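Report on one structure; see the data block that follows.
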Amino acid sequence: MNGQNRSDIYPGLEVDVILKKDQRSGKKTRGIVKDLLTSSSFHSRGIKVRLEDGQVGRVAEIVEE
């Protein structure tokens, strides 16, 4: 599942995000969502989140369990 809909994302969810510094390469970083930073219900490049380790990025993919 992609990370464009805010309703699909919640704290505690495991996701792959693309950090600002990795936007050119598209390198994904896996982590657990701590906070949702995008207030709109949809974002074409992915909902911006803060991970539990403090990194901030846009959700590229929701990890299926």
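Letters for chains follow the order of the structure tokens (A, B, ...), residue numbers begin at 1 for each chain, and ligand numbers begin at 1 in the order shown.
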Find the residues around Ser40 (chain A) up to 10 Å (only C-alpha atoms counted), leave out those fewer than 6 positions away in its own chain, and share them as a CSV table (one decimal) with N, CA and C atoms, in the first residue's frame.
chain,number,residue,atom,x,y,z
A,5,ASN,N,-2.6,8.4,1.5
A,5,ASN,CA,-3.8,8.7,2.2
A,5,ASN,C,-3.6,8.7,3.7
A,6,ARG,N,-3.9,9.8,4.3
A,6,ARG,CA,-3.6,10.0,5.8
A,6,ARG,C,-4.4,9.0,6.6
A,7,SER,N,-5.6,8.6,6.1
A,7,SER,CA,-6.4,7.6,6.9
A,7,SER,C,-5.7,6.3,7.1
A,47,ILE,N,2.4,11.1,2.7
A,47,ILE,CA,2.2,11.8,3.9
A,47,ILE,C,3.5,11.9,4.7
| message | Taking only chain A into account, list the residues labelled helix (DSSP H, G or I) by DSSP (computed from the backbone), as a ChimeraX atom specification. | response | /A:6-8,20-22
Mind writing the picked residues with C-alpha atoms as a compact mmCIF listing (two decimals), in the first residue's frame?
# COMPACT_ATOMS: atom_id res chain seq x y z
CA ARG A 6 -3.61 10.01 5.77
CA SER A 7 -6.38 7.65 6.92
CA ASP A 8 -4.13 4.62 6.22
CA LYS A 20 14.59 14.69 2.38
CA LYS A 21 18.28 13.92 1.80
CA ASP A 22 17.37 10.73 -0.10
| field | Spatial neighbours of region 32-35 of chain A, 7 Å, only C-alpha atoms, chain gap at least 5 places, as an NGL selection string | value | :A and (10-15 or 49-52)
| request: May I have the residues within 8 Å of Val59 (chain A) as a VMD selection string, using only C-alpha atoms and disregarding those fewer than 5 positions away in the same chain? | output: chain A and resid 2 to 4 15 to 18 46 to 49
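Going from CA of Thr38 (chain A) over to CA of Gln55 (chain A), you cover 14.6 Å.
Within chain A, residues classed as strand (DSSP E or B) by DSSP on backbone coordinates are Asn5, Glu14, Val15, Asp16, Val17, Ile18, Leu19, Thr29, Arg30, Gly31, Ile32, Val33, Lys34, Asp35, Leu36, Phe42, Lys48, Val49, Arg50, Leu51, Val56, Gly57, Arg58, Val59, Ala60, Glu61 and Ile62 of chain A.
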Could you write those residues out with C-alpha atoms, as a PDB file, in the first residue's frame?
ATOM      1  CA  ASN A   5      -3.845   8.667   2.224  1.00  0.00           C
ATOM      2  CA  GLU A  14       5.749   0.178  10.285  1.00  0.00           C
ATOM      3  CA  VAL A  15       6.484   2.116   7.079  1.00  0.00           C
ATOM      4  CA  ASP A  16       9.183   2.822   4.510  1.00  0.00           C
ATOM      5  CA  VAL A  17       9.853   6.548   4.142  1.00  0.00           C
ATOM      6  CA  ILE A  18      12.003   8.638   1.828  1.00  0.00           C
ATOM      7  CA  LEU A  19      13.985  11.197   3.801  1.00  0.00           C
ATOM      8  CA  THR A  29      14.312   4.063   5.346  1.00  0.00           C
ATOM      9  CA  ARG A  30      12.188   1.706   7.452  1.00  0.00           C
ATOM     10  CA  GLY A  31      10.757   2.816  10.764  1.00  0.00           C
ATOM     11  CA  ILE A  32       7.779   3.078  13.085  1.00  0.00           C
ATOM     12  CA  VAL A  33       5.476   6.130  12.817  1.00  0.00           C
ATOM     13  CA  LYS A  34       5.521   8.416  15.871  1.00  0.00           C
ATOM     14  CA  ASP A  35       3.698  11.531  14.551  1.00  0.00           C
ATOM     15  CA  LEU A  36       1.817  12.498  11.387  1.00  0.00           C
ATOM     16  CA  PHE A  42      -4.146  13.130   0.776  1.00  0.00           C
ATOM     17  CA  LYS A  48       4.989  13.349   5.949  1.00  0.00           C
ATOM     18  CA  VAL A  49       5.680  11.569   9.240  1.00  0.00           C
ATOM     19  CA  ARG A  50       8.163  11.606  12.114  1.00  0.00           C
ATOM     20  CA  LEU A  51       9.574   8.181  12.956  1.00  0.00           C
ATOM     21  CA  VAL A  56      11.251  12.915   9.171  1.00  0.00           C
ATOM     22  CA  GLY A  57      10.226  11.734   5.719  1.00  0.00           C
ATOM     23  CA  ARG A  58       7.353  11.031   3.358  1.00  0.00           C
ATOM     24  CA  VAL A  59       5.733   7.600   3.458  1.00  0.00           C
ATOM     25  CA  ALA A  60       6.665   5.672   0.307  1.00  0.00           C
ATOM     26  CA  GLU A  61       5.133   2.364   1.351  1.00  0.00           C
ATOM     27  CA  ILE A  62       3.244   0.798   4.208  1.00  0.00           C
TER      28      ILE A  62
END
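Closest approach to Ile9 (chain A) from the set A:Ser25, A:Gly54, A:Val63, A:Arg45 is made by A:Val63, with distances taken over only C-alpha atoms.
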